[in-house]
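Structure data follow from query_27.csv (CSV, C-alpha atoms):
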chain,number,residue,atom,x,y,z
A,1,MET,CA,0.0,0.0,0.0
A,2,VAL,CA,1.4,3.4,-1.1
A,3,THR,CA,1.5,5.9,1.7
A,4,ASP,CA,3.7,8.6,0.2
A,5,TYR,CA,1.2,10.2,-2.2
A,6,LYS,CA,3.5,13.1,-3.0
A,7,SER,CA,5.7,10.7,-4.9
A,8,LEU,CA,2.8,9.8,-7.2
A,9,LEU,CA,2.4,13.4,-8.4
A,10,PRO,CA,5.8,14.7,-9.7
A,11,VAL,CA,7.3,17.8,-8.1
A,12,ILE,CA,9.1,19.9,-10.8
A,13,ASP,CA,11.3,22.9,-10.0
A,14,ILE,CA,11.0,25.0,-13.1
A,15,GLY,CA,13.5,27.7,-12.0
A,16,PRO,CA,16.1,26.6,-14.7
A,17,LEU,CA,13.4,26.8,-17.4
A,18,LEU,CA,12.3,30.3,-16.3
A,19,ALA,CA,15.9,31.5,-16.2
A,20,LYS,CA,16.3,30.7,-19.9
A,21,CYS,CA,12.7,31.0,-21.2
A,22,ASP,CA,13.4,34.1,-23.3
A,23,ASP,CA,16.5,32.6,-25.0
A,24,SER,CA,16.0,31.2,-28.4
A,25,ASP,CA,18.6,28.5,-27.7
A,26,MET,CA,17.1,27.6,-24.3
A,27,ALA,CA,16.9,23.9,-25.4
A,28,ASP,CA,20.7,23.7,-25.4
A,29,ASP,CA,20.9,24.5,-21.6
A,30,ALA,CA,21.4,21.4,-19.4
A,31,GLY,CA,19.2,22.7,-16.6
A,32,VAL,CA,16.3,23.4,-19.1
A,33,ALA,CA,16.8,19.9,-20.6
A,34,GLN,CA,16.4,18.3,-17.1
A,35,VAL,CA,13.1,20.3,-16.5
A,36,VAL,CA,11.9,19.4,-20.0
A,37,ARG,CA,12.4,15.6,-19.3
A,38,LYS,CA,10.5,15.9,-16.1
A,39,LEU,CA,7.6,17.8,-17.8
A,40,ASP,CA,7.4,15.1,-20.5
A,41,ARG,CA,7.3,12.3,-18.0
A,42,ALA,CA,4.7,14.0,-15.9
A,43,CYS,CA,2.4,14.9,-18.8
A,44,ARG,CA,2.6,11.4,-20.2
A,45,ASP,CA,2.1,9.5,-16.9
A,46,VAL,CA,-0.5,11.5,-15.0
A,47,GLY,CA,-1.1,14.9,-16.5
A,48,PHE,CA,-0.7,16.6,-13.1
A,49,PHE,CA,2.4,17.9,-11.4
A,50,TYR,CA,3.5,20.3,-8.6
A,51,VAL,CA,5.3,23.4,-9.8
A,52,THR,CA,8.0,25.0,-7.6
A,53,GLY,CA,10.6,27.6,-8.4
A,54,HIS,CA,7.9,29.5,-10.4
A,55,GLY,CA,8.9,33.0,-9.3
A,56,ILE,CA,5.5,34.1,-7.8
A,57,SER,CA,6.0,35.1,-4.2
A,58,GLU,CA,4.6,32.9,-1.5
A,59,ASP,CA,3.3,36.1,0.2
A,60,LEU,CA,1.2,36.8,-2.8
A,61,ILE,CA,0.0,33.2,-3.2
A,62,ASN,CA,-1.1,33.2,0.5
A,63,LYS,CA,-2.6,36.7,0.3
A,64,VAL,CA,-4.9,35.5,-2.5
A,65,LYS,CA,-6.1,32.7,-0.4
A,66,GLU,CA,-6.5,34.8,2.8
A,67,MET,CA,-8.6,37.4,1.0
A,68,THR,CA,-10.7,34.7,-0.6
A,69,HIS,CA,-11.4,33.3,2.9
A,70,GLN,CA,-12.4,36.8,4.0
A,71,PHE,CA,-14.9,37.1,1.2
A,72,PHE,CA,-16.5,33.8,1.7
A,73,GLN,CA,-16.9,34.5,5.4
A,74,LEU,CA,-19.2,37.5,4.6
A,75,PRO,CA,-22.9,37.2,5.2
A,76,TYR,CA,-24.8,35.7,2.2
A,77,GLU,CA,-26.6,39.0,1.5
A,78,GLU,CA,-23.2,40.7,1.1
A,79,LYS,CA,-21.9,38.1,-1.3
A,80,LEU,CA,-25.1,38.4,-3.4
A,81,LYS,CA,-24.1,41.9,-4.4
A,82,ILE,CA,-21.9,40.3,-7.1
A,83,LYS,CA,-24.3,37.5,-8.0
A,84,ILE,CA,-23.7,35.6,-11.2
A,85,THR,CA,-26.3,35.9,-13.9
A,86,SER,CA,-26.5,34.7,-17.5
A,87,ALA,CA,-27.3,38.2,-18.6
A,88,GLY,CA,-24.1,39.4,-17.1
A,89,GLY,CA,-21.9,36.9,-18.9
A,90,TYR,CA,-21.9,34.2,-16.2
A,91,ARG,CA,-19.5,36.3,-14.2
A,92,GLY,CA,-19.8,36.7,-10.4
A,93,TYR,CA,-20.7,34.9,-7.2
A,94,GLN,CA,-22.7,31.6,-7.2
A,95,ARG,CA,-24.1,30.2,-4.0
A,96,ILE,CA,-23.6,26.6,-2.8
A,97,GLY,CA,-25.3,24.1,-5.1
A,98,VAL,CA,-25.6,26.2,-8.2
A,99,ASN,CA,-22.7,24.5,-10.0
A,100,PHE,CA,-23.3,21.1,-11.6
A,101,THR,CA,-20.7,18.7,-12.9
A,102,SER,CA,-21.9,15.9,-15.2
A,103,GLY,CA,-25.5,16.7,-14.1
A,104,LYS,CA,-24.7,16.3,-10.4
A,105,GLN,CA,-24.8,19.1,-7.8
A,106,ASP,CA,-21.5,20.3,-6.4
A,107,MET,CA,-21.1,21.4,-2.8
A,108,HIS,CA,-19.2,24.6,-3.2
A,109,GLU,CA,-19.6,28.4,-3.7
A,110,ALA,CA,-17.5,30.4,-6.1
A,111,ILE,CA,-16.7,33.6,-8.0
A,112,ASP,CA,-16.3,33.0,-11.7
A,113,CYS,CA,-14.2,35.4,-13.8
A,114,TYR,CA,-13.2,35.5,-17.5
A,115,ARG,CA,-10.9,37.7,-19.5
A,116,GLU,CA,-12.9,40.7,-20.5
A,117,PHE,CA,-13.4,41.7,-24.1
A,118,LYS,CA,-15.2,44.3,-26.1
A,119,GLN,CA,-18.9,43.8,-27.0
A,120,GLY,CA,-19.1,42.1,-30.4
A,121,LYS,CA,-15.4,41.1,-30.6
A,122,HIS,CA,-16.2,37.4,-30.7
A,123,GLY,CA,-19.5,37.6,-32.6
A,124,ASP,CA,-22.5,35.5,-31.7
A,125,ILE,CA,-20.5,32.9,-29.9
A,126,GLY,CA,-18.9,35.4,-27.6
A,127,LYS,CA,-22.2,37.1,-26.6
A,128,VAL,CA,-22.9,34.6,-24.0
A,129,LEU,CA,-19.8,35.6,-22.0
A,130,GLU,CA,-19.9,39.4,-22.6
A,131,GLY,CA,-19.8,41.4,-19.4
A,132,GLN,CA,-17.6,42.8,-16.7
A,133,ASN,CA,-16.0,40.7,-14.0
A,134,GLN,CA,-17.7,41.3,-10.6
A,135,TRP,CA,-14.9,41.7,-8.0
A,136,PRO,CA,-15.8,41.9,-4.3
A,137,GLY,CA,-15.7,45.3,-2.7
A,138,ASN,CA,-14.8,43.6,0.5
A,139,PRO,CA,-11.9,43.1,1.0
A,140,GLN,CA,-11.3,46.5,-0.7
A,141,GLU,CA,-8.0,45.6,-2.4
A,142,TYR,CA,-9.2,42.2,-3.8
A,143,LYS,CA,-9.6,43.4,-7.4
A,144,ASP,CA,-6.1,44.9,-7.6
A,145,VAL,CA,-4.4,41.9,-5.9
A,146,MET,CA,-6.2,39.5,-8.2
A,147,GLU,CA,-5.4,41.4,-11.4
A,148,GLU,CA,-1.7,41.4,-10.5
A,149,TYR,CA,-2.0,37.7,-9.7
A,150,ILE,CA,-3.7,36.9,-13.0
A,151,LYS,CA,-0.9,38.7,-15.0
A,152,LEU,CA,1.7,36.6,-13.2
A,153,CYS,CA,-0.2,33.4,-13.7
A,154,THR,CA,-0.6,34.2,-17.4
A,155,ASP,CA,3.2,34.7,-17.8
A,156,LEU,CA,4.0,31.6,-15.9
A,157,SER,CA,1.6,29.5,-17.9
A,158,ARG,CA,3.1,30.7,-21.2
A,159,ASN,CA,6.6,29.8,-20.0
A,160,ILE,CA,5.5,26.3,-18.8
A,161,LEU,CA,4.0,25.8,-22.2
A,162,ARG,CA,7.4,26.6,-23.8
A,163,GLY,CA,8.9,23.8,-21.7
A,164,ILE,CA,6.1,21.4,-22.8
A,165,SER,CA,6.6,22.3,-26.4
A,166,LEU,CA,10.3,21.4,-26.0
A,167,ALA,CA,9.2,18.2,-24.3
A,168,LEU,CA,7.2,17.2,-27.3
A,169,GLY,CA,10.3,17.7,-29.6
A,170,GLY,CA,9.2,21.0,-31.0
A,171,SER,CA,10.7,24.5,-30.7
A,172,PRO,CA,9.8,26.4,-27.5
A,173,TYR,CA,7.2,28.5,-29.5
A,174,GLU,CA,5.0,25.9,-31.2
A,175,PHE,CA,2.0,27.0,-29.1
A,176,GLU,CA,2.6,30.7,-29.6
A,177,GLY,CA,1.5,31.0,-33.2
A,178,LYS,CA,-2.1,31.7,-34.3
A,179,MET,CA,-3.5,29.7,-31.4
A,180,LEU,CA,-2.1,32.0,-28.7
A,181,ARG,CA,-1.7,35.4,-30.1
A,182,ASP,CA,-4.5,36.7,-27.9
A,183,PRO,CA,-4.9,34.0,-25.1
A,184,PHE,CA,-8.1,33.8,-23.1
A,185,TRP,CA,-8.2,33.0,-19.4
A,186,VAL,CA,-10.7,31.8,-16.9
A,187,MET,CA,-10.5,32.0,-13.1
A,188,ARG,CA,-12.6,30.1,-10.6
A,189,ILE,CA,-12.3,31.3,-7.0
A,190,ILE,CA,-13.9,28.4,-5.0
A,191,GLY,CA,-15.0,27.9,-1.4
A,192,TYR,CA,-15.7,24.5,0.0
A,193,PRO,CA,-17.7,24.5,3.3
A,194,GLY,CA,-16.6,22.3,6.1
A,195,VAL,CA,-18.5,19.0,6.5
A,196,ASN,CA,-19.4,16.7,9.3
A,197,GLN,CA,-19.6,13.6,7.2
A,198,GLU,CA,-17.2,11.8,4.9
A,199,ASP,CA,-16.8,12.0,1.1
A,200,VAL,CA,-19.0,15.0,0.3
A,201,ILE,CA,-18.5,15.8,-3.4
A,202,GLY,CA,-17.2,19.3,-3.6
A,203,CYS,CA,-16.7,19.1,-7.3
A,204,GLY,CA,-17.5,16.0,-9.4
A,205,ALA,CA,-15.0,14.2,-11.7
A,206,HIS,CA,-14.1,16.2,-14.8
A,207,THR,CA,-11.3,17.2,-17.1
A,208,ASP,CA,-10.4,20.9,-17.6
A,209,TYR,CA,-11.5,22.6,-20.8
A,210,GLY,CA,-8.4,24.5,-21.9
A,211,LEU,CA,-4.7,24.3,-22.1
A,212,LEU,CA,-3.1,24.5,-18.6
A,213,THR,CA,-4.5,25.0,-15.1
A,214,LEU,CA,-2.7,26.4,-12.1
A,215,ILE,CA,-4.2,25.5,-8.8
A,216,ASN,CA,-3.6,27.4,-5.6
A,217,GLN,CA,-5.1,25.5,-2.7
A,218,ASP,CA,-5.1,25.8,1.1
A,219,ASP,CA,-2.0,24.3,2.6
A,220,ASP,CA,-3.6,22.4,5.5
A,221,LYS,CA,-6.4,20.4,3.9
A,222,THR,CA,-6.3,17.7,1.3
A,223,ALA,CA,-9.4,17.4,-1.0
A,224,LEU,CA,-8.3,17.3,-4.6
A,225,GLN,CA,-7.9,13.8,-6.1
A,226,VAL,CA,-6.4,12.8,-9.4
A,227,LYS,CA,-7.3,9.6,-11.3
A,228,SER,CA,-4.2,7.6,-12.2
A,229,VAL,CA,-3.8,5.4,-15.3
A,230,ASP,CA,-4.5,2.4,-13.1
A,231,GLY,CA,-7.9,3.9,-12.0
A,232,ASP,CA,-6.8,4.8,-8.5
A,233,TRP,CA,-7.7,8.2,-7.0
A,234,ILE,CA,-4.5,10.0,-5.8
A,235,PRO,CA,-4.8,12.7,-3.1
A,236,ALA,CA,-3.0,15.9,-4.2
A,237,ILE,CA,-1.5,16.7,-0.8
A,238,PRO,CA,-0.7,20.5,-0.6
A,239,ILE,CA,2.9,21.6,-0.8
A,240,PRO,CA,3.1,25.2,0.6
A,241,GLY,CA,4.3,27.8,-2.0
A,242,SER,CA,3.7,25.5,-5.0
A,243,PHE,CA,1.1,25.4,-7.7
A,244,ILE,CA,-0.5,22.2,-8.9
A,245,CYS,CA,-0.5,22.3,-12.7
A,246,ASN,CA,-2.6,20.1,-15.0
A,247,ILE,CA,-3.2,19.8,-18.7
A,248,GLY,CA,-6.6,20.4,-20.3
A,249,ASP,CA,-8.7,19.2,-23.2
A,250,MET,CA,-7.3,21.7,-25.7
A,251,LEU,CA,-3.7,20.7,-25.0
A,252,THR,CA,-4.7,17.1,-25.6
A,253,ILE,CA,-6.0,18.1,-29.1
A,254,LEU,CA,-3.0,20.3,-30.0
A,255,THR,CA,-0.5,17.5,-29.0
A,256,ASN,CA,-2.4,15.0,-31.1
A,257,GLY,CA,-3.3,13.0,-28.0
A,258,VAL,CA,0.3,12.6,-26.8
A,259,TYR,CA,-0.6,14.3,-23.5
A,260,GLU,CA,-4.1,13.5,-22.2
A,261,SER,CA,-6.2,15.6,-19.8
A,262,THR,CA,-6.8,13.8,-16.6
A,263,LEU,CA,-10.0,13.2,-14.6
A,264,HIS,CA,-9.9,14.9,-11.1
A,265,LYS,CA,-12.4,15.7,-8.4
A,266,VAL,CA,-12.7,17.4,-5.0
A,267,ILE,CA,-13.9,15.4,-2.0
A,268,ASN,CA,-14.6,17.2,1.2
A,269,ASN,CA,-13.8,15.4,4.4
A,270,SER,CA,-12.7,18.3,6.6
A,271,PRO,CA,-14.9,20.2,9.1
A,272,ARG,CA,-12.9,23.4,8.2
A,273,TYR,CA,-13.6,25.7,5.3
A,274,ARG,CA,-11.3,25.3,2.3
A,275,VAL,CA,-10.5,27.6,-0.6
A,276,CYS,CA,-9.0,26.9,-4.0
A,277,VAL,CA,-8.1,29.5,-6.7
A,278,ALA,CA,-7.9,27.9,-10.1
A,279,PHE,CA,-6.4,29.8,-13.1
A,280,PHE,CA,-7.1,28.4,-16.5
A,281,TYR,CA,-4.8,29.4,-19.4
A,282,GLU,CA,-6.5,29.0,-22.7
A,283,THR,CA,-6.1,29.5,-26.5
A,284,ASN,CA,-7.5,32.5,-28.3
A,285,PHE,CA,-11.2,32.5,-27.7
A,286,ASP,CA,-11.9,32.1,-31.5
A,287,ALA,CA,-9.1,29.6,-32.1
A,288,GLU,CA,-10.0,26.6,-34.3
A,289,VAL,CA,-8.1,24.0,-32.3
A,290,GLU,CA,-6.8,20.9,-34.0
A,291,PRO,CA,-3.5,18.9,-33.8
A,292,LEU,CA,-0.5,21.1,-34.7
A,293,ASP,CA,1.2,19.9,-37.9
A,294,VAL,CA,4.6,19.4,-36.1
A,295,PHE,CA,3.0,17.0,-33.6
A,296,LYS,CA,0.9,15.2,-36.3
A,297,GLU,CA,4.2,14.4,-38.1
A,298,LYS,CA,6.0,13.3,-35.0
A,299,TYR,CA,3.1,11.4,-33.4
A,300,PRO,CA,0.7,10.2,-36.2
A,301,ARG,CA,-2.7,8.8,-35.2
A,302,LYS,CA,-5.6,7.3,-37.1
A,303,VAL,CA,-7.6,10.0,-38.9
A,304,THR,CA,-10.8,8.7,-37.3
A,305,SER,CA,-9.6,9.7,-33.9
A,306,GLN,CA,-11.8,12.2,-32.0
A,307,ILE,CA,-8.6,14.2,-31.4
A,308,ALA,CA,-8.3,14.8,-35.1
A,309,LYS,CA,-11.5,16.8,-35.2
A,310,ARG,CA,-11.4,20.5,-35.1
A,311,VAL,CA,-12.9,22.3,-32.1
A,312,VAL,CA,-13.6,26.0,-31.8
A,313,TYR,CA,-12.4,26.8,-28.2
A,314,GLY,CA,-14.9,29.5,-27.4
A,315,GLN,CA,-17.9,27.3,-28.5
A,316,HIS,CA,-16.4,24.5,-26.5
A,317,LEU,CA,-16.1,26.7,-23.4
A,318,ILE,CA,-19.6,28.1,-23.7
A,319,ASN,CA,-21.2,24.7,-24.1
A,320,LYS,CA,-19.5,23.6,-20.9
A,321,VAL,CA,-20.5,26.8,-19.0
A,322,GLN,CA,-24.2,26.5,-20.1
A,323,ALA,CA,-24.3,22.9,-19.1
A,324,THR,CA,-22.7,23.7,-15.7
A,325,PHE,CA,-25.3,26.5,-15.0
A,326,ALA,CA,-28.3,24.8,-16.7
A,327,ASN,CA,-30.3,25.5,-13.5
A,328,LEU,CA,-29.2,29.0,-13.0
A,329,VAL,CA,-32.1,31.4,-12.4
A,330,ASP,CA,-31.1,35.1,-12.7
A,331,SER,CA,-33.7,36.5,-10.4
A,332,SER,CA,-33.2,34.1,-7.4
Please go through the file and, once you have read it, give me the structure as structure tokens.
Amino acid sequence: MVTDYKSLLPVIDIGPLLAKCDDSDMADDAGVAQVVRKLDRACRDVGFFYVTGHGISEDLINKVKEMTHQFFQLPYEEKLKIKITSAGGYRGYQRIGVNFTSGKQDMHEAIDCYREFKQGKHGDIGKVLEGQNQWPGNPQEYKDVMEEYIKLCTDLSRNILRGISLALGGSPYEFEGKMLRDPFWVMRIIGYPGVNQEDVIGCGAHTDYGLLTLINQDDDKTALQVKSVDGDWIPAIPIPGSFICNIGDMLTILTNGVYESTLHKVINNSPRYRVCVAFFYETNFDAEVEPLDVFKEKYPRKVTSQIAKRVVYGQHLINKVQATFANLVDSS
């Protein structure tokens, strides 16, 4: 029986990669090569890994969680001031039980945010998500802190993708062509109430929609579980100061199925409240996502594969959002 679960999710210090990430010859660096090998192994074996040496201060990481705890501790009526509505682009606060995964109710509350864009920029598809993010007024500095954090997570995600591109045998910039000239992002700020019973489903089993996810979770509670290739659920034990990174559905397509997105879920067992801030780095909203030519040549598959089919990212995202909030009533 395995008891050291940390060893089942790789821990990768990406400091050497970040130190060279703006060098065109970064692939020749021995430190980068070591990081790249670890990224390749992690993405092939489990699709999840801890990221350390990422350059985002632990003080900021903790402040984001502390302020999130402060918001969720507010009275319900106060949180409703930024209530999510379909008319407002599905942005804002959702009470416990509004979110559904695969048709089943999740036991969490959350604030959902998306990269803002001008009305009409993404045509009829984009209308569903048009709107302004609703940031809490309490704590007062929440918006400023989160916007700084989002910028840093965006830069970090781009640089991790450069390492992943090298891991696949490409140049560092294979994902930075037409797919990522104007990358979209999503953020879910999630609160899981404490429970007095075992195995409450905080969020049902799912894969993520986009390219990469960065998870910032409370350090003292274990709830996230990752499904291994053997079908076992691996607890993702928090490592202070780290992010948990996982690959999403769009990266599976772009890599021609070499790296597959992984099922994961959140199971609440603690009597204490838990927060998790998940940042999702995406392609362009209107990107037509299909396997990149460089990876089709290196890793050929049968043309009948689902992965070979083109997906418009924005439509894929909206389909998921509308399914998640199928029972949302704007006036309640």
Spatial neighbours of A:Asn268, max dist 7 Å, all atoms listed in the file, sep filter under 6 positions, as a ChimeraX atom specification = /A:195,199-202,223
If we count all atoms listed in the file, what is near stretch 43-57 of chain A at a cut-off of 7 Å, once residues fewer than 6 positions away on the same chain are taken out, given as a list in words?
->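 Those residues are Leu9, Pro10, Val11, Ile12, Asp13, Ile14, Gly15, Ser228, Val229, Ser242, Phe243, Ile244, Cys245, Asn246, Ile247, Tyr259, Glu260, Ser261 and Thr262 of chain A.
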Find the spatial neighbours of stretch 282-285 of chain A, counting all atoms listed in the file, within a cut-off of 6 Å - ignore same-chain residues fewer than 3 positions away - and output them as a VMD selection string.
-> chain A and resid 179 to 180 182 to 185 210 to 211 313 to 314
Which of A:Val64, A:Ala323, A:Ile125, A:Val98 sits closest to A:Glu141 [using all atoms listed in the file] = A:Val64
Within 12 Å of A:Gly120, counting all atoms listed in the file, which residues show up once you throw out same-chain ones fewer than 4 positions away? Write them as a ChimeraX atom specification, please.
-> /A:116,124-131
Considering all atoms listed in the file, state which residue in the set A:Lys296, A:Gly257, A:Val35, A:Asp218 is at the smallest distance from A:Ile160.
->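 Comparing A:Lys296, A:Gly257, A:Val35, A:Asp218 against A:Ile160, the winner is A:Val35.
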Would you mind reading off the distance between atom CA of A:Gly191 and atom CA of A:Asp155, one decimal, in Å?
->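 Those two atoms sit 25.4 Å apart.
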Please fill the gaps in stretch 25-47 of chain A so it has N, CA, C and O atoms, and write that as a tab-separated table (two decimals), in the coordinates of the input.
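Everything below was put into selection-v5.tsv:
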chain	number	residue	atom	x	y	z
A	25	ASP	N	17.85	29.80	-27.78
A	25	ASP	CA	18.60	28.50	-27.70
A	25	ASP	C	18.45	27.86	-26.36
A	25	ASP	O	19.31	27.10	-25.93
A	26	MET	N	17.33	28.11	-25.69
A	26	MET	CA	17.10	27.60	-24.30
A	26	MET	C	17.21	26.05	-24.30
A	26	MET	O	17.61	25.47	-23.30
A	27	ALA	N	16.87	25.39	-25.40
A	27	ALA	CA	16.90	23.90	-25.40
A	27	ALA	C	18.28	23.35	-25.23
A	27	ALA	O	18.41	22.17	-24.85
A	28	ASP	N	19.31	24.15	-25.48
A	28	ASP	CA	20.70	23.70	-25.40
A	28	ASP	C	21.19	23.70	-23.92
A	28	ASP	O	22.27	23.17	-23.62
A	29	ASP	N	20.44	24.32	-23.02
A	29	ASP	CA	20.90	24.50	-21.60
A	29	ASP	C	20.60	23.16	-20.86
A	29	ASP	O	19.50	22.59	-20.95
A	30	ALA	N	21.58	22.70	-20.10
A	30	ALA	CA	21.40	21.40	-19.40
A	30	ALA	C	20.33	21.49	-18.33
A	30	ALA	O	19.59	20.52	-18.14
A	31	GLY	N	20.21	22.61	-17.64
A	31	GLY	CA	19.20	22.70	-16.60
A	31	GLY	C	17.78	22.72	-17.25
A	31	GLY	O	16.85	22.09	-16.72
A	32	VAL	N	17.63	23.40	-18.37
A	32	VAL	CA	16.30	23.40	-19.10
A	32	VAL	C	16.01	21.97	-19.54
A	32	VAL	O	14.88	21.50	-19.41
A	33	ALA	N	17.01	21.27	-20.08
A	33	ALA	CA	16.80	19.90	-20.60
A	33	ALA	C	16.28	19.00	-19.47
A	33	ALA	O	15.41	18.14	-19.70
A	34	GLN	N	16.81	19.18	-18.26
A	34	GLN	CA	16.40	18.30	-17.10
A	34	GLN	C	14.89	18.64	-16.80
A	34	GLN	O	14.10	17.72	-16.57
A	35	VAL	N	14.52	19.92	-16.79
A	35	VAL	CA	13.10	20.30	-16.50
A	35	VAL	C	12.21	19.72	-17.61
A	35	VAL	O	11.14	19.18	-17.31
A	36	VAL	N	12.66	19.82	-18.85
A	36	VAL	CA	11.90	19.40	-20.00
A	36	VAL	C	11.59	17.85	-19.88
A	36	VAL	O	10.48	17.39	-20.13
A	37	ARG	N	12.60	17.09	-19.49
A	37	ARG	CA	12.40	15.60	-19.30
A	37	ARG	C	11.37	15.34	-18.25
A	37	ARG	O	10.53	14.45	-18.41
A	38	LYS	N	11.42	16.09	-17.17
A	38	LYS	CA	10.50	15.90	-16.10
A	38	LYS	C	9.05	16.27	-16.51
A	38	LYS	O	8.07	15.59	-16.17
A	39	LEU	N	8.92	17.36	-17.28
A	39	LEU	CA	7.60	17.80	-17.80
A	39	LEU	C	7.02	16.68	-18.69
A	39	LEU	O	5.84	16.34	-18.61
A	40	ASP	N	7.86	16.15	-19.57
A	40	ASP	CA	7.40	15.10	-20.50
A	40	ASP	C	6.91	13.89	-19.75
A	40	ASP	O	5.81	13.37	-20.02
A	41	ARG	N	7.67	13.45	-18.76
A	41	ARG	CA	7.30	12.30	-18.00
A	41	ARG	C	5.98	12.53	-17.23
A	41	ARG	O	5.07	11.69	-17.22
A	42	ALA	N	5.85	13.70	-16.62
A	42	ALA	CA	4.70	14.00	-15.90
A	42	ALA	C	3.42	14.10	-16.75
A	42	ALA	O	2.34	13.59	-16.40
A	43	CYS	N	3.57	14.74	-17.90
A	43	CYS	CA	2.40	14.90	-18.80
A	43	CYS	C	1.99	13.57	-19.42
A	43	CYS	O	0.80	13.35	-19.68
A	44	ARG	N	2.93	12.68	-19.66
A	44	ARG	CA	2.60	11.40	-20.20
A	44	ARG	C	1.99	10.45	-19.16
A	44	ARG	O	1.06	9.69	-19.44
A	45	ASP	N	2.52	10.51	-17.94
A	45	ASP	CA	2.10	9.50	-16.90
A	45	ASP	C	0.85	9.87	-16.18
A	45	ASP	O	0.06	8.98	-15.88
A	46	VAL	N	0.63	11.15	-15.88
A	46	VAL	CA	-0.50	11.50	-15.00
A	46	VAL	C	-1.19	12.78	-15.40
A	46	VAL	O	-2.36	12.98	-15.07
A	47	GLY	N	-0.51	13.68	-16.10
A	47	GLY	CA	-1.10	14.90	-16.50
A	47	GLY	C	-1.26	15.97	-15.41
A	47	GLY	O	-1.86	17.03	-15.61
